[in-house]
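A quick write-up on the structure given underneath.
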Amino acid sequence: MRIELIRYLLAHEQRGRALSELLVLSGNLPDDLKSQTEAGQLFLNAGEPRRGLERFRQALRIDPKNEAALAGAGEAAFEAGDYTSAQRYLRAVDAPSVRVSELRSVTDLVLTRDPLRPGLSLRQRQDRVMAGFRRALEALDDCVTKQPAADNAFESLRAEAGTLEPELTPERLRRTPESIDTAWNLIYRIEQQTVDVCGQGSAFDRALLLIGQRHEADGR
């Protein structure tokens, strides 16, 4: 069967061939819950979350409360960077797995901690950037605790943070609001370097990285 071949190819990291087979499969896919959900998961495993999301959404048209389709749609939307949709789907899962719970936490943080999100007041931006700033410095400390030899490598980041922090008060930001972008760039670089040295951190750390990646892609 083609599905078994696709699973075999994915298991052996032959994603290009698996995707070609998947595209053929999806063109002749029965419009039933099992087939659509299964195809959605295969697309997700093949690194094609947007195509996977289409299949999961079709499954949800058949059964809007199906837990597997909701969880799959949430993960696919998350991997595609559509965090608003991901939050909606993930919150609708009544019996979340560990994976769904983790994705919920990170998604909520991405949506509530982004200081560059449109429509925020200056005070809201300041609150969010300071929360990210504090967490980034904590991530540095956590990483040094695990890897003491990394302390020297982080010295320039600490110095940059020490120079920038006085500029992040509400009074200073009214005069130089562009400091929020500067601070966010530093937060993102700190999170990148701590992940490189010490591996993935907390849900908040992961959210900060995803927010940074989103704005990097936007050219911010």
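Letters for chains follow the order of the structure tokens (A, B, ...), residue numbers begin at 1 for each chain, and ligand numbers begin at 1 in the order shown.
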Point to revise | Within 12 Å of Leu5 in chain A using only C-alpha atoms, minus same-chain residues under 6 positions, as a PyMOL selection string | key: chain A and resi 11-12+14-15+17-22+25+42
Same residues, all heavy atoms, output as an mmCIF file, in the first residue's frame:
```cif
data_model
loop_
_atom_site.group_PDB
_atom_site.id
_atom_site.type_symbol
_atom_site.label_atom_id
_atom_site.label_comp_id
_atom_site.auth_asym_id
_atom_site.auth_seq_id
_atom_site.Cartn_x
_atom_site.Cartn_y
_atom_site.Cartn_z
ATOM 1 N N ALA A 11 10.390 7.068 7.730
ATOM 2 C CA ALA A 11 11.209 6.434 8.764
ATOM 3 C C ALA A 11 12.678 6.393 8.370
ATOM 4 O O ALA A 11 13.564 6.395 9.235
ATOM 5 C CB ALA A 11 10.697 5.024 9.045
ATOM 6 N N HIS A 12 12.943 6.377 7.061
ATOM 7 C CA HIS A 12 14.322 6.343 6.557
ATOM 8 C C HIS A 12 14.758 7.710 6.024
ATOM 9 O O HIS A 12 15.702 7.815 5.240
ATOM 10 C CB HIS A 12 14.446 5.266 5.471
ATOM 11 C CG HIS A 12 14.359 3.875 6.020
ATOM 12 N ND1 HIS A 12 13.145 3.285 6.352
ATOM 13 C CD2 HIS A 12 15.321 2.969 6.347
ATOM 14 C CE1 HIS A 12 13.372 2.063 6.830
ATOM 15 N NE2 HIS A 12 14.664 1.848 6.835
ATOM 16 N N GLN A 14 13.645 9.836 3.947
ATOM 17 C CA GLN A 14 13.558 10.134 2.503
ATOM 18 C C GLN A 14 12.307 10.996 2.268
ATOM 19 O O GLN A 14 11.329 10.566 1.649
ATOM 20 C CB GLN A 14 13.498 8.835 1.703
ATOM 21 C CG GLN A 14 14.745 7.984 1.854
ATOM 22 C CD GLN A 14 14.701 6.729 1.001
ATOM 23 O OE1 GLN A 14 14.385 6.790 -0.197
ATOM 24 N NE2 GLN A 14 15.004 5.589 1.604
ATOM 25 N N ARG A 15 12.370 12.229 2.775
ATOM 26 C CA ARG A 15 11.185 13.077 2.776
ATOM 27 C C ARG A 15 10.752 13.489 1.376
ATOM 28 O O ARG A 15 9.564 13.644 1.121
ATOM 29 C CB ARG A 15 11.435 14.315 3.648
ATOM 30 C CG ARG A 15 11.455 14.007 5.127
ATOM 31 C CD ARG A 15 11.418 15.264 5.949
ATOM 32 N NE ARG A 15 11.298 14.962 7.363
ATOM 33 C CZ ARG A 15 11.106 15.893 8.304
ATOM 34 N NH1 ARG A 15 11.004 17.163 7.947
ATOM 35 N NH2 ARG A 15 11.007 15.545 9.566
ATOM 36 N N ARG A 17 10.950 11.808 -1.497
ATOM 37 C CA ARG A 17 10.191 10.720 -2.108
ATOM 38 C C ARG A 17 8.857 10.520 -1.405
ATOM 39 O O ARG A 17 7.830 10.266 -2.041
ATOM 40 C CB ARG A 17 11.008 9.426 -2.066
ATOM 41 C CG ARG A 17 12.172 9.385 -3.041
ATOM 42 C CD ARG A 17 12.822 8.019 -3.019
ATOM 43 N NE ARG A 17 11.877 6.960 -3.419
ATOM 44 C CZ ARG A 17 12.072 5.672 -3.180
ATOM 45 N NH1 ARG A 17 13.168 5.270 -2.542
ATOM 46 N NH2 ARG A 17 11.179 4.782 -3.587
ATOM 47 N N ALA A 18 8.882 10.654 -0.053
ATOM 48 C CA ALA A 18 7.643 10.482 0.712
ATOM 49 C C ALA A 18 6.618 11.538 0.308
ATOM 50 O O ALA A 18 5.432 11.241 0.152
ATOM 51 C CB ALA A 18 7.926 10.560 2.209
ATOM 52 N N LEU A 19 7.081 12.776 0.127
ATOM 53 C CA LEU A 19 6.170 13.849 -0.241
ATOM 54 C C LEU A 19 5.573 13.605 -1.627
ATOM 55 O O LEU A 19 4.378 13.840 -1.846
ATOM 56 C CB LEU A 19 6.885 15.192 -0.190
ATOM 57 C CG LEU A 19 6.048 16.423 -0.546
ATOM 58 C CD1 LEU A 19 4.823 16.520 0.359
ATOM 59 C CD2 LEU A 19 6.886 17.692 -0.458
ATOM 60 N N SER A 20 6.393 13.132 -2.561
ATOM 61 C CA SER A 20 5.870 12.834 -3.900
ATOM 62 C C SER A 20 4.760 11.796 -3.833
ATOM 63 O O SER A 20 3.713 11.935 -4.477
ATOM 64 C CB SER A 20 7.005 12.318 -4.798
ATOM 65 O OG SER A 20 7.977 13.323 -4.988
ATOM 66 N N GLU A 21 4.975 10.764 -3.035
ATOM 67 C CA GLU A 21 3.956 9.733 -2.866
ATOM 68 C C GLU A 21 2.714 10.284 -2.162
ATOM 69 O O GLU A 21 1.577 9.930 -2.499
ATOM 70 C CB GLU A 21 4.527 8.560 -2.069
ATOM 71 C CG GLU A 21 5.633 7.795 -2.761
ATOM 72 C CD GLU A 21 5.125 7.014 -3.972
ATOM 73 O OE1 GLU A 21 3.913 6.726 -4.052
ATOM 74 O OE2 GLU A 21 5.962 6.685 -4.848
ATOM 75 N N LEU A 22 2.942 11.160 -1.213
ATOM 76 C CA LEU A 22 1.827 11.766 -0.478
ATOM 77 C C LEU A 22 0.954 12.608 -1.393
ATOM 78 O O LEU A 22 -0.279 12.613 -1.273
ATOM 79 C CB LEU A 22 2.363 12.639 0.660
ATOM 80 C CG LEU A 22 2.286 12.066 2.075
ATOM 81 C CD1 LEU A 22 3.011 12.988 3.048
ATOM 82 C CD2 LEU A 22 0.842 11.880 2.494
ATOM 83 N N LEU A 25 -1.155 10.359 -3.314
ATOM 84 C CA LEU A 25 -2.177 9.804 -2.417
ATOM 85 C C LEU A 25 -3.304 10.802 -2.165
ATOM 86 O O LEU A 25 -4.493 10.459 -2.236
ATOM 87 C CB LEU A 25 -1.540 9.411 -1.085
ATOM 88 C CG LEU A 25 -2.495 8.919 0.013
ATOM 89 C CD1 LEU A 25 -3.049 7.547 -0.347
ATOM 90 C CD2 LEU A 25 -1.789 8.872 1.365
ATOM 91 N N LEU A 42 0.622 12.437 8.089
ATOM 92 C CA LEU A 42 1.742 12.114 7.206
ATOM 93 C C LEU A 42 2.366 13.372 6.609
ATOM 94 O O LEU A 42 3.597 13.495 6.525
ATOM 95 C CB LEU A 42 1.280 11.170 6.098
ATOM 96 C CG LEU A 42 0.959 9.730 6.539
ATOM 97 C CD1 LEU A 42 0.304 8.962 5.401
ATOM 98 C CD2 LEU A 42 2.212 9.013 7.019
#
```
Find the nearest atom pair between each residue of range 52-88 of chain A and range 104-112 of chain A for residues within 12 Å, count only C-alpha atoms, give distances in Å to one decimal, sort rows by chain and ascending number, and present the table as CSV.
```
residue,atom,partner,partner_atom,distance
A:Ala71,CA,A:Arg104,CA,10.3
A:Gly74,CA,A:Arg104,CA,8.7
A:Glu75,CA,A:Arg104,CA,9.4
A:Ala77,CA,A:Thr107,CA,10.2
A:Phe78,CA,A:Thr107,CA,7.4
A:Glu79,CA,A:Thr107,CA,10.5
A:Gly81,CA,A:Thr107,CA,9.7
A:Asp82,CA,A:Thr107,CA,9.5
A:Tyr83,CA,A:Thr107,CA,6.0
A:Thr84,CA,A:Leu111,CA,7.5
A:Ser85,CA,A:Thr107,CA,9.8
A:Ala86,CA,A:Thr107,CA,7.2
A:Gln87,CA,A:Thr107,CA,6.2
A:Arg88,CA,A:Arg104,CA,9.5
```
Write a file of the selected residues as a JSON list (two decimals), in the first residue's frame, keeping C-alpha atoms.
```json
[["chain", "number", "residue", "atom", "x", "y", "z"],
["A", 71, "ALA", "CA", -4.68, 17.96, 18.00],
["A", 74, "GLY", "CA", -3.24, 22.51, 16.29],
["A", 75, "GLU", "CA", 0.23, 21.08, 15.77],
["A", 77, "ALA", "CA", -0.94, 25.33, 12.51],
["A", 78, "PHE", "CA", 1.79, 25.75, 15.15],
["A", 79, "GLU", "CA", 4.48, 24.38, 12.83],
["A", 81, "GLY", "CA", 3.51, 29.69, 12.28],
["A", 82, "ASP", "CA", -0.25, 30.32, 12.46],
["A", 83, "TYR", "CA", -0.37, 30.65, 16.23],
["A", 84, "THR", "CA", -3.87, 32.13, 16.43],
["A", 85, "SER", "CA", -5.34, 29.09, 14.67],
["A", 86, "ALA", "CA", -3.08, 26.77, 16.66],
["A", 87, "GLN", "CA", -4.38, 28.21, 19.92],
["A", 88, "ARG", "CA", -8.00, 27.73, 18.84]]
```
Exercise for review: Would you mind listing what lies within 8 Å of Leu53 in chain A as number ranges by chain, with only C-alpha atoms counted and same-chain residues fewer than 6 positions away left out?
Suggested key: A: 40, 72-73, 76-77
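The closest residue to Leu29 in chain A, picked from A:Leu10, A:Val195, A:Ala59, A:Ala207 and counting only C-alpha atoms, is A:Ala59.
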**Study point:** Within 9 Å of Ile190 in chain A using only C-alpha atoms, minus same-chain residues under 3 positions, as a PyMOL selection string
**Key:** chain A and resi 136-137+139-140+154+157+185-187+193-195
Review point. Hey, can you check how far CA of Glu165 in chain A sits from CA of Leu208 in chain A?
Key: 17.9 Å
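Note that CA of Ser26 in chain A and CA of Arg2 in chain A are 10.8 Å apart.
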Review point. Could you pull out the helix (DSSP H, G or I) residues of chain A from DSSP and send them as a PyMOL selection string?
Key: chain A and resi 2-11+15-27+33-45+49-62+67-79+83-91+98-112+122-146+148-151+155-168+170-175+179-198+203-217
Point to revise | Nearest to Thr176 in chain A by atom-to-atom distance, counting only C-alpha atoms, from A:Ala159, A:Leu164, A:Ala203, A:Val144 | key: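 Of A:Ala159, A:Leu164, A:Ala203, A:Val144, the one nearest Thr176 in chain A, counting only C-alpha atoms, is A:Leu164.
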